[in-house]
file model_34.csv (CSV, C-alpha atoms)
chain,number,residue,atom,x,y,z
E,26,MET,CA,130.1,117.2,97.9
E,27,SER,CA,127.1,119.1,96.4
E,28,LYS,CA,123.6,117.8,96.6
E,29,LEU,CA,121.2,117.9,93.7
E,30,ILE,CA,117.4,118.1,94.4
E,31,SER,CA,114.9,118.0,91.6
E,32,VAL,CA,111.3,119.0,92.2
E,33,TYR,CA,108.7,117.6,89.8
E,34,ASN,CA,104.9,118.0,89.4
E,35,GLU,CA,103.1,114.7,89.0
E,36,GLU,CA,100.1,116.7,87.8
E,37,GLU,CA,99.2,120.2,86.8
E,38,ARG,CA,99.4,122.9,89.5
E,39,ALA,CA,100.6,120.5,92.2
E,40,GLY,CA,103.0,123.2,93.4
E,41,SER,CA,106.6,122.3,92.5
E,42,THR,CA,107.7,125.8,91.9
E,43,THR,CA,106.5,127.0,95.3
E,44,ILE,CA,108.2,124.0,96.9
E,45,ALA,CA,111.5,124.6,95.0
E,46,ILE,CA,111.7,128.3,95.9
E,47,THR,CA,110.9,127.5,99.6
E,48,LEU,CA,113.5,124.8,99.8
E,49,ALA,CA,116.1,127.1,98.2
E,50,VAL,CA,115.4,129.9,100.7
E,51,LEU,CA,115.7,127.4,103.6
E,52,PHE,CA,118.9,125.8,102.4
E,53,SER,CA,120.5,129.2,101.9
E,54,TRP,CA,119.2,130.7,105.1
E,55,TYR,CA,119.0,128.0,107.8
E,56,ALA,CA,121.7,125.7,106.6
E,57,ASP,CA,123.9,128.5,105.3
E,58,LYS,CA,124.6,126.6,102.1
E,59,LYS,CA,125.6,128.2,98.8
E,60,THR,CA,122.5,127.3,96.8
E,61,LEU,CA,121.6,127.5,93.1
E,62,LEU,CA,118.0,127.4,92.0
E,63,ILE,CA,117.4,126.6,88.3
E,64,ASN,CA,114.2,126.7,86.3
E,65,PHE,CA,114.2,123.7,84.0
E,66,ALA,CA,110.4,124.0,83.5
E,67,LYS,CA,108.9,125.0,80.1
E,68,ASP,CA,107.5,128.2,81.4
E,69,ASP,CA,108.6,131.3,83.5
E,70,LYS,CA,106.3,130.6,86.5
E,71,MET,CA,109.3,130.7,88.8
E,72,GLU,CA,110.3,134.1,87.6
E,73,GLN,CA,106.7,135.3,88.2
E,74,TYR,CA,106.9,134.1,91.8
E,75,ILE,CA,110.2,136.0,92.4
E,76,THR,CA,109.3,139.6,91.5
E,77,ASP,CA,111.7,141.2,93.9
E,78,VAL,CA,114.5,141.2,91.4
E,79,LYS,CA,114.7,140.8,87.6
E,80,ILE,CA,116.2,137.4,86.8
E,81,ARG,CA,118.6,138.5,84.1
E,82,TYR,CA,119.9,135.1,82.8
E,83,GLY,CA,118.1,132.0,81.6
E,84,LEU,CA,119.2,128.6,80.3
E,85,ASP,CA,119.5,130.0,76.8
E,86,TYR,CA,122.5,132.0,77.8
E,87,LEU,CA,124.3,128.9,79.1
E,88,ARG,CA,123.2,126.8,76.1
E,89,ALA,CA,124.7,129.4,73.7
E,90,LEU,CA,128.0,129.4,75.6
E,91,GLN,CA,128.2,125.8,76.8
E,92,ASP,CA,131.3,125.0,74.7
E,93,ASP,CA,133.2,127.9,76.4
E,94,LEU,CA,131.4,127.9,79.7
E,95,LYS,CA,134.0,128.4,82.5
E,96,GLU,CA,131.7,129.0,85.4
E,97,ILE,CA,128.0,129.2,86.2
E,98,LYS,CA,127.9,132.0,88.7
E,99,ILE,CA,128.4,134.8,86.2
E,100,PHE,CA,125.2,133.8,84.5
E,101,THR,CA,123.0,133.8,87.6
E,102,THR,CA,121.0,136.4,89.4
E,103,GLN,CA,121.8,136.7,93.1
E,104,LEU,CA,118.9,136.9,95.6
E,105,ASN,CA,121.0,136.9,98.7
E,106,ASP,CA,124.5,136.1,99.8
E,107,ASN,CA,123.9,132.4,99.5
E,108,LEU,CA,121.1,132.1,96.9
E,109,SER,CA,121.4,132.5,93.1
E,110,VAL,CA,118.9,131.8,90.4
E,111,ILE,CA,118.9,130.8,86.7
E,112,GLY,CA,115.7,131.4,84.8
E,113,CYS,CA,114.0,129.2,82.2
E,114,GLY,CA,115.0,128.7,78.5
E,115,THR,CA,112.9,128.6,75.4
E,116,GLN,CA,113.8,125.0,74.3
E,117,GLU,CA,111.1,122.4,74.7
E,118,SER,CA,113.6,119.9,75.9
E,119,ASN,CA,117.3,119.8,76.9
E,120,ASP,CA,119.8,117.3,75.6
E,121,ASN,CA,121.7,115.1,78.1
E,122,SER,CA,125.1,116.6,77.3
E,123,PHE,CA,123.8,120.1,78.1
E,124,ILE,CA,122.2,118.9,81.4
E,125,ASP,CA,125.4,117.0,82.4
E,126,LYS,CA,127.6,120.1,81.7
E,127,ILE,CA,125.4,122.4,83.8
E,128,ILE,CA,125.1,120.1,86.7
E,129,THR,CA,128.8,119.2,86.7
E,130,LYS,CA,129.9,122.9,86.6
E,131,ALA,CA,127.3,124.0,89.2
E,132,SER,CA,128.4,121.2,91.5
E,133,VAL,CA,131.8,122.8,91.8
E,134,GLU,CA,130.5,126.2,92.6
E,135,TYR,CA,127.4,125.4,94.8
E,136,GLU,CA,126.7,123.1,97.7
E,137,ILE,CA,123.0,122.7,96.9
E,138,ILE,CA,121.5,122.7,93.4
E,139,ILE,CA,117.7,122.8,93.3
E,140,ILE,CA,116.0,122.2,89.9
E,141,ASP,CA,112.4,123.1,89.4
E,142,LEU,CA,111.1,120.7,86.7
E,143,SER,CA,107.5,121.6,87.0
E,144,ASN,CA,105.8,119.2,84.5
E,145,SER,CA,109.0,118.7,82.5
E,146,ASP,CA,109.9,115.1,83.0
E,147,GLU,CA,113.7,115.3,82.6
E,148,LYS,CA,114.6,111.7,83.6
E,149,ASN,CA,118.3,112.4,83.4
E,150,ILE,CA,118.0,115.0,86.1
E,151,LYS,CA,115.7,113.0,88.3
E,152,SER,CA,117.9,109.9,88.1
E,153,ARG,CA,121.0,111.9,89.1
E,154,ALA,CA,119.3,113.7,92.0
E,155,THR,CA,120.2,113.2,95.6
E,156,ARG,CA,116.5,113.5,96.3
E,157,ALA,CA,113.9,113.6,93.5
E,158,ILE,CA,110.8,115.2,95.1
E,159,THR,CA,107.6,114.4,93.3
E,160,VAL,CA,104.9,116.9,94.2
E,161,LYS,CA,101.3,115.6,94.1
E,162,ASN,CA,97.8,116.4,95.2
E,163,PHE,CA,96.3,114.0,97.7
E,164,ASP,CA,94.3,111.3,96.1
E,165,ILE,CA,93.7,108.1,98.2
E,166,ARG,CA,93.4,106.1,94.9
E,167,LYS,CA,97.0,106.9,94.0
E,168,LEU,CA,98.8,106.0,97.2
E,169,GLU,CA,99.9,102.6,96.0
E,170,SER,CA,102.3,104.1,93.4
E,171,GLU,CA,105.9,102.7,93.2
E,172,TYR,CA,108.7,105.1,93.7
E,173,GLU,CA,112.4,105.1,92.8
E,174,GLU,CA,115.0,104.8,95.6
E,175,ASN,CA,115.9,108.5,95.6
E,176,GLU,CA,112.3,109.7,95.2
E,177,VAL,CA,110.4,111.5,97.9
E,178,PRO,CA,106.6,111.8,97.3
E,179,LEU,CA,105.4,115.1,98.7
E,180,PHE,CA,101.6,115.5,99.1
E,181,ASN,CA,100.9,119.3,98.8
E,182,LYS,CA,98.1,121.6,99.8
E,183,ILE,CA,96.6,119.4,102.5
E,184,PRO,CA,93.9,121.3,104.4
E,185,GLY,CA,95.0,121.9,108.0
E,186,GLU,CA,91.7,120.6,109.5
E,187,ILE,CA,92.2,117.1,108.0
E,188,LYS,CA,96.0,117.0,108.2
E,189,GLU,CA,96.3,114.5,111.0
E,190,ILE,CA,93.9,112.0,109.4
E,191,VAL,CA,95.4,112.4,106.0
E,192,SER,CA,98.9,112.0,107.5
E,193,GLU,CA,98.0,108.7,109.1
E,194,VAL,CA,96.5,107.3,105.8
E,195,ILE,CA,99.5,108.4,103.8
E,196,ASN,CA,102.2,107.2,106.3
E,197,SER,CA,100.5,103.8,106.5
E,198,LYS,CA,100.8,103.3,102.7
E,199,VAL,CA,103.8,105.4,101.5
E,200,GLU,CA,107.2,105.3,103.2
E,201,GLU,CA,109.4,108.4,103.4
E,202,SER,CA,106.5,110.6,102.2
E,203,LYS,CA,106.2,114.3,103.2
E,204,ILE,CA,103.1,116.6,103.6
E,205,VAL,CA,102.8,120.3,103.2
E,206,THR,CA,99.7,122.0,104.6
E,207,PHE,CA,97.5,124.5,102.7
E,208,ASP,CA,97.0,127.6,104.8
E,209,ILE,CA,94.6,130.2,103.2
E,210,ASP,CA,96.1,133.0,105.4
E,211,VAL,CA,99.6,132.3,104.1
E,212,TRP,CA,98.4,132.3,100.5
E,213,GLN,CA,96.5,135.6,101.0
E,214,GLN,CA,99.7,137.2,102.3
E,215,ILE,CA,101.7,135.8,99.3
E,216,THR,CA,99.1,137.1,96.9
E,217,MET,CA,99.2,140.6,98.5
E,218,ARG,CA,103.0,140.7,98.1
E,219,ASP,CA,102.9,139.2,94.6
E,220,SER,CA,106.1,137.3,95.6
E,221,ILE,CA,106.6,134.0,97.3
E,222,TYR,CA,110.3,134.9,97.9
E,223,SER,CA,109.6,138.1,99.8
E,224,PHE,CA,107.0,136.3,102.0
E,225,LEU,CA,109.6,133.7,102.8
E,226,VAL,CA,112.3,136.2,103.7
E,227,GLU,CA,109.9,138.1,105.9
E,228,ASN,CA,108.6,135.0,107.7
E,229,VAL,CA,111.6,132.6,107.7
E,230,ASN,CA,112.0,133.1,111.4
E,231,ASN,CA,108.3,132.8,112.3
E,232,ASN,CA,106.6,129.6,113.2
E,233,VAL,CA,104.7,129.2,109.9
E,234,THR,CA,103.6,125.6,109.4
E,235,PHE,CA,104.1,125.8,105.6
E,236,ILE,CA,107.8,126.7,106.2
E,237,GLN,CA,108.4,124.3,109.1
E,238,GLU,CA,107.1,121.3,107.2
E,239,GLN,CA,109.7,122.0,104.4
E,240,LEU,CA,112.4,122.7,106.9
E,241,GLN,CA,112.0,119.0,107.9
E,242,ILE,CA,112.8,118.0,104.3
E,243,VAL,CA,116.0,120.2,104.4
E,244,GLU,CA,117.0,118.5,107.7
E,245,GLN,CA,116.4,115.1,106.3
E,246,ILE,CA,118.4,115.7,103.1
E,247,LEU,CA,121.3,117.2,105.2
E,248,GLY,CA,121.0,114.5,107.8
E,249,GLU,CA,121.2,117.0,110.7
E,250,LYS,CA,119.0,119.0,113.0
E,251,LEU,CA,119.1,122.7,112.3
E,252,SER,CA,118.7,125.5,114.8
E,253,SER,CA,115.2,126.7,115.6
E,254,PRO,CA,113.9,129.6,113.6
E,255,ALA,CA,114.2,132.0,116.5
E,256,GLN,CA,117.7,130.9,117.5
E,257,GLN,CA,119.0,130.9,114.0
E,258,GLY,CA,117.5,134.3,113.2
E,259,LEU,CA,118.8,135.9,116.5
E,260,LEU,CA,122.3,134.6,115.7
E,261,LYS,CA,122.3,135.9,112.2
E,262,ASN,CA,121.0,139.3,113.4
E,263,ILE,CA,123.8,139.5,116.0
E,264,ILE,CA,126.5,138.5,113.6
E,265,HIS,CA,125.2,141.0,111.0
E,266,LYS,CA,125.1,143.8,113.7
E,267,PHE,CA,128.7,143.1,114.8
E,268,ARG,CA,130.0,143.0,111.3
E,269,LYS,CA,128.2,146.2,110.5
E,270,GLU,CA,129.9,147.8,113.5
E,271,GLY,CA,133.3,146.5,112.3
E,272,LYS,CA,133.7,144.1,115.2
E,273,ASN,CA,135.5,140.9,114.5
E,274,GLU,CA,134.7,139.0,117.7
E,275,PHE,CA,132.0,139.0,120.5
call {"tool": "encode", "arguments": {"input": "model_34.csv", "output": "structure tokens"}}
result
Amino acid sequence: MSKLISVYNEEERAGSTTIAITLAVLFSWYADKKTLLINFAKDDKMEQYITDVKIRYGLDYLRALQDDLKEIKIFTTQLNDNLSVIGCGTQESNDNSFIDKIITKASVEYEIIIIDLSNSDEKNIKSRATRAITVKNFDIRKLESEYEENEVPLFNKIPGEIKEIVSEVINSKVEESKIVTFDIDVWQQITMRDSIYSFLVENVNNNVTFIQEQLQIVEQILGEKLSSPAQQGLLKNIIHKFRKEGKNEF
């Protein structure tokens, strides 16, 4: 059964797009899941963060063909063997029938569907999600918020030097919350590459706090502990090497 994960910004520039892309890479890489990443936001920020390939198709293609839509995959851009992307559309909002059709079709073809909502509050998507991640900046005055049963509050961009203190405060007030640390070195590397995706691919086997924190979210959603970055990367490299050499067994 497929899992639907929505990622929503509670306020401007909280970081939903970065979180959505990172989770998509981790699901497709670590968990080896067929993953679809869809930009349901009202802008093309996600496309700007994935500059390694040109994202050919957006929601407008699917909307125009929805009555005759047989499969989703042919209207996606493939980033790797397990990860495909659909870009944003031009509509300010999406009607429920269109949303239902896209999610229903995608659920047949993909194991994981990640939807970047950014600031677009699509309640139909959030209510259907296995996990509805709400990305927010840390503000101690907002810790008493009420959350839906499927909602995961994620406090983003926490400075590393105060992470432990902030974690204690948040965990004492908000159950099932997650924290992602802000690392200036990481963001400088991303800026230099002009692509979050390429940074993740290059560092997915390294012990980067920013990545490891989100790997915990992946493990929680799947309900299983995944291999360590080094072990997983070594295994993938060995399998790739053997396949390249035409060997079917070790």
call {"tool": "closest_residue", "arguments": {"input": "model_34.csv", "among": "E:Glu173, E:Asp92, E:Asp219, E:Asp68", "to": "Glu117 (chain E)", "atoms": "all atoms listed in the file"}}
result
E:Asp68
call {"tool": "residues_around", "arguments": {"input": "model_34.csv", "residues": "region 40-52 of chain E", "least_positions_apart": "5", "cutoff": "10 Å", "atoms": "all atoms listed in the file", "output": "PyMOL selection string"}}
result
chain E and resi 30-35+57-64+66+70-72+74-75+104-105+107-110+136-144+158-162+179-182+205+221-222+224-226+229+235-237+239-240+242-244+247
call {"tool": "write_last_selection", "arguments": {"input": "model_34.csv", "atoms": "C-alpha atoms", "output": "PDB file, in the frame of the given file"}}
result
ATOM      1  CA  ILE E  30     117.400 118.100  94.400  1.00  0.00           C
ATOM      2  CA  SER E  31     114.900 118.000  91.600  1.00  0.00           C
ATOM      3  CA  VAL E  32     111.300 119.000  92.200  1.00  0.00           C
ATOM      4  CA  TYR E  33     108.700 117.600  89.800  1.00  0.00           C
ATOM      5  CA  ASN E  34     104.900 118.000  89.400  1.00  0.00           C
ATOM      6  CA  GLU E  35     103.100 114.700  89.000  1.00  0.00           C
ATOM      7  CA  ASP E  57     123.900 128.500 105.300  1.00  0.00           C
ATOM      8  CA  LYS E  58     124.600 126.600 102.100  1.00  0.00           C
ATOM      9  CA  LYS E  59     125.600 128.200  98.800  1.00  0.00           C
ATOM     10  CA  THR E  60     122.500 127.300  96.800  1.00  0.00           C
ATOM     11  CA  LEU E  61     121.600 127.500  93.100  1.00  0.00           C
ATOM     12  CA  LEU E  62     118.000 127.400  92.000  1.00  0.00           C
ATOM     13  CA  ILE E  63     117.400 126.600  88.300  1.00  0.00           C
ATOM     14  CA  ASN E  64     114.200 126.700  86.300  1.00  0.00           C
ATOM     15  CA  ALA E  66     110.400 124.000  83.500  1.00  0.00           C
ATOM     16  CA  LYS E  70     106.300 130.600  86.500  1.00  0.00           C
ATOM     17  CA  MET E  71     109.300 130.700  88.800  1.00  0.00           C
ATOM     18  CA  GLU E  72     110.300 134.100  87.600  1.00  0.00           C
ATOM     19  CA  TYR E  74     106.900 134.100  91.800  1.00  0.00           C
ATOM     20  CA  ILE E  75     110.200 136.000  92.400  1.00  0.00           C
ATOM     21  CA  LEU E 104     118.900 136.900  95.600  1.00  0.00           C
ATOM     22  CA  ASN E 105     121.000 136.900  98.700  1.00  0.00           C
ATOM     23  CA  ASN E 107     123.900 132.400  99.500  1.00  0.00           C
ATOM     24  CA  LEU E 108     121.100 132.100  96.900  1.00  0.00           C
ATOM     25  CA  SER E 109     121.400 132.500  93.100  1.00  0.00           C
ATOM     26  CA  VAL E 110     118.900 131.800  90.400  1.00  0.00           C
ATOM     27  CA  GLU E 136     126.700 123.100  97.700  1.00  0.00           C
ATOM     28  CA  ILE E 137     123.000 122.700  96.900  1.00  0.00           C
ATOM     29  CA  ILE E 138     121.500 122.700  93.400  1.00  0.00           C
ATOM     30  CA  ILE E 139     117.700 122.800  93.300  1.00  0.00           C
ATOM     31  CA  ILE E 140     116.000 122.200  89.900  1.00  0.00           C
ATOM     32  CA  ASP E 141     112.400 123.100  89.400  1.00  0.00           C
ATOM     33  CA  LEU E 142     111.100 120.700  86.700  1.00  0.00           C
ATOM     34  CA  SER E 143     107.500 121.600  87.000  1.00  0.00           C
ATOM     35  CA  ASN E 144     105.800 119.200  84.500  1.00  0.00           C
ATOM     36  CA  ILE E 158     110.800 115.200  95.100  1.00  0.00           C
ATOM     37  CA  THR E 159     107.600 114.400  93.300  1.00  0.00           C
ATOM     38  CA  VAL E 160     104.900 116.900  94.200  1.00  0.00           C
ATOM     39  CA  LYS E 161     101.300 115.600  94.100  1.00  0.00           C
ATOM     40  CA  ASN E 162      97.800 116.400  95.200  1.00  0.00           C
ATOM     41  CA  LEU E 179     105.400 115.100  98.700  1.00  0.00           C
ATOM     42  CA  PHE E 180     101.600 115.500  99.100  1.00  0.00           C
ATOM     43  CA  ASN E 181     100.900 119.300  98.800  1.00  0.00           C
ATOM     44  CA  LYS E 182      98.100 121.600  99.800  1.00  0.00           C
ATOM     45  CA  VAL E 205     102.800 120.300 103.200  1.00  0.00           C
ATOM     46  CA  ILE E 221     106.600 134.000  97.300  1.00  0.00           C
ATOM     47  CA  TYR E 222     110.300 134.900  97.900  1.00  0.00           C
ATOM     48  CA  PHE E 224     107.000 136.300 102.000  1.00  0.00           C
ATOM     49  CA  LEU E 225     109.600 133.700 102.800  1.00  0.00           C
ATOM     50  CA  VAL E 226     112.300 136.200 103.700  1.00  0.00           C
ATOM     51  CA  VAL E 229     111.600 132.600 107.700  1.00  0.00           C
ATOM     52  CA  PHE E 235     104.100 125.800 105.600  1.00  0.00           C
ATOM     53  CA  ILE E 236     107.800 126.700 106.200  1.00  0.00           C
ATOM     54  CA  GLN E 237     108.400 124.300 109.100  1.00  0.00           C
ATOM     55  CA  GLN E 239     109.700 122.000 104.400  1.00  0.00           C
ATOM     56  CA  LEU E 240     112.400 122.700 106.900  1.00  0.00           C
ATOM     57  CA  ILE E 242     112.800 118.000 104.300  1.00  0.00           C
ATOM     58  CA  VAL E 243     116.000 120.200 104.400  1.00  0.00           C
ATOM     59  CA  GLU E 244     117.000 118.500 107.700  1.00  0.00           C
ATOM     60  CA  LEU E 247     121.300 117.200 105.200  1.00  0.00           C
TER      61      LEU E 247
END
call {"tool": "atom_distance", "arguments": {"input": "model_34.csv", "atom1": "CA of Asp120 (chain E)", "atom2": "CA of Asp85 (chain E)"}}
result
12.8 Å
call {"tool": "atom_distance", "arguments": {"input": "model_34.csv", "atom1": "CA of Asp210 (chain E)", "atom2": "CA of Lys167 (chain E)"}}
result
28.5 Å
call {"tool": "atom_distance", "arguments": {"input": "model_34.csv", "atom1": "CA of Arg81 (chain E)", "atom2": "CA of Gln116 (chain E)"}}
result
17.4 Å
call {"tool": "residues_around", "arguments": {"input": "model_34.csv", "residues": "Phe163 (chain E)", "least_positions_apart": "6", "cutoff": "12 Å", "atoms": "only C-alpha atoms", "output": "ChimeraX atom specification"}}
result
/E:35-36,39,178-184,187-188,191-192,194-195,202-207
call {"tool": "write_last_selection", "arguments": {"input": "model_34.csv", "atoms": "C-alpha atoms", "output": "compact mmCIF listing (two decimals), in the frame of the given file"}}
result
# COMPACT_ATOMS: atom_id res chain seq x y z
CA GLU E 35 103.10 114.70 89.00
CA GLU E 36 100.10 116.70 87.80
CA ALA E 39 100.60 120.50 92.20
CA PRO E 178 106.60 111.80 97.30
CA LEU E 179 105.40 115.10 98.70
CA PHE E 180 101.60 115.50 99.10
CA ASN E 181 100.90 119.30 98.80
CA LYS E 182 98.10 121.60 99.80
CA ILE E 183 96.60 119.40 102.50
CA PRO E 184 93.90 121.30 104.40
CA ILE E 187 92.20 117.10 108.00
CA LYS E 188 96.00 117.00 108.20
CA VAL E 191 95.40 112.40 106.00
CA SER E 192 98.90 112.00 107.50
CA VAL E 194 96.50 107.30 105.80
CA ILE E 195 99.50 108.40 103.80
CA SER E 202 106.50 110.60 102.20
CA LYS E 203 106.20 114.30 103.20
CA ILE E 204 103.10 116.60 103.60
CA VAL E 205 102.80 120.30 103.20
CA THR E 206 99.70 122.00 104.60
CA PHE E 207 97.50 124.50 102.70
call {"tool": "closest_residue", "arguments": {"input": "model_34.csv", "among": "E:Ile209, E:Ile127, E:Leu29, E:Cys113", "to": "Arg156 (chain E)", "atoms": "only C-alpha atoms"}}
result
E:Leu29
call {"tool": "closest_residue", "arguments": {"input": "model_34.csv", "among": "E:Ser252, E:Lys126, E:Tyr86, E:Ser145", "to": "Lys67 (chain E)", "atoms": "all atoms listed in the file"}}
result
E:Ser145
call {"tool": "closest_residue", "arguments": {"input": "model_34.csv", "among": "E:Ile246, E:Thr102, E:Ser220, E:Ile97", "to": "Asp77 (chain E)", "atoms": "all atoms listed in the file"}}
result
E:Ser220
call {"tool": "residues_around", "arguments": {"input": "model_34.csv", "residues": "Thr129 (chain E)", "least_positions_apart": "6", "cutoff": "12 Å", "atoms": "all atoms listed in the file", "output": "count of residues only"}}
result
17
call {"tool": "closest_residue", "arguments": {"input": "model_34.csv", "among": "E:Ser118, E:Asn231, E:Gln103, E:Ser53", "to": "Phe65 (chain E)", "atoms": "only C-alpha atoms"}}
result
E:Ser118
call {"tool": "closest_residue", "arguments": {"input": "model_34.csv", "among": "E:Thr155, E:Thr101, E:Asn232, E:Thr115", "to": "Ala131 (chain E)", "atoms": "only C-alpha atoms"}}
result
E:Thr101
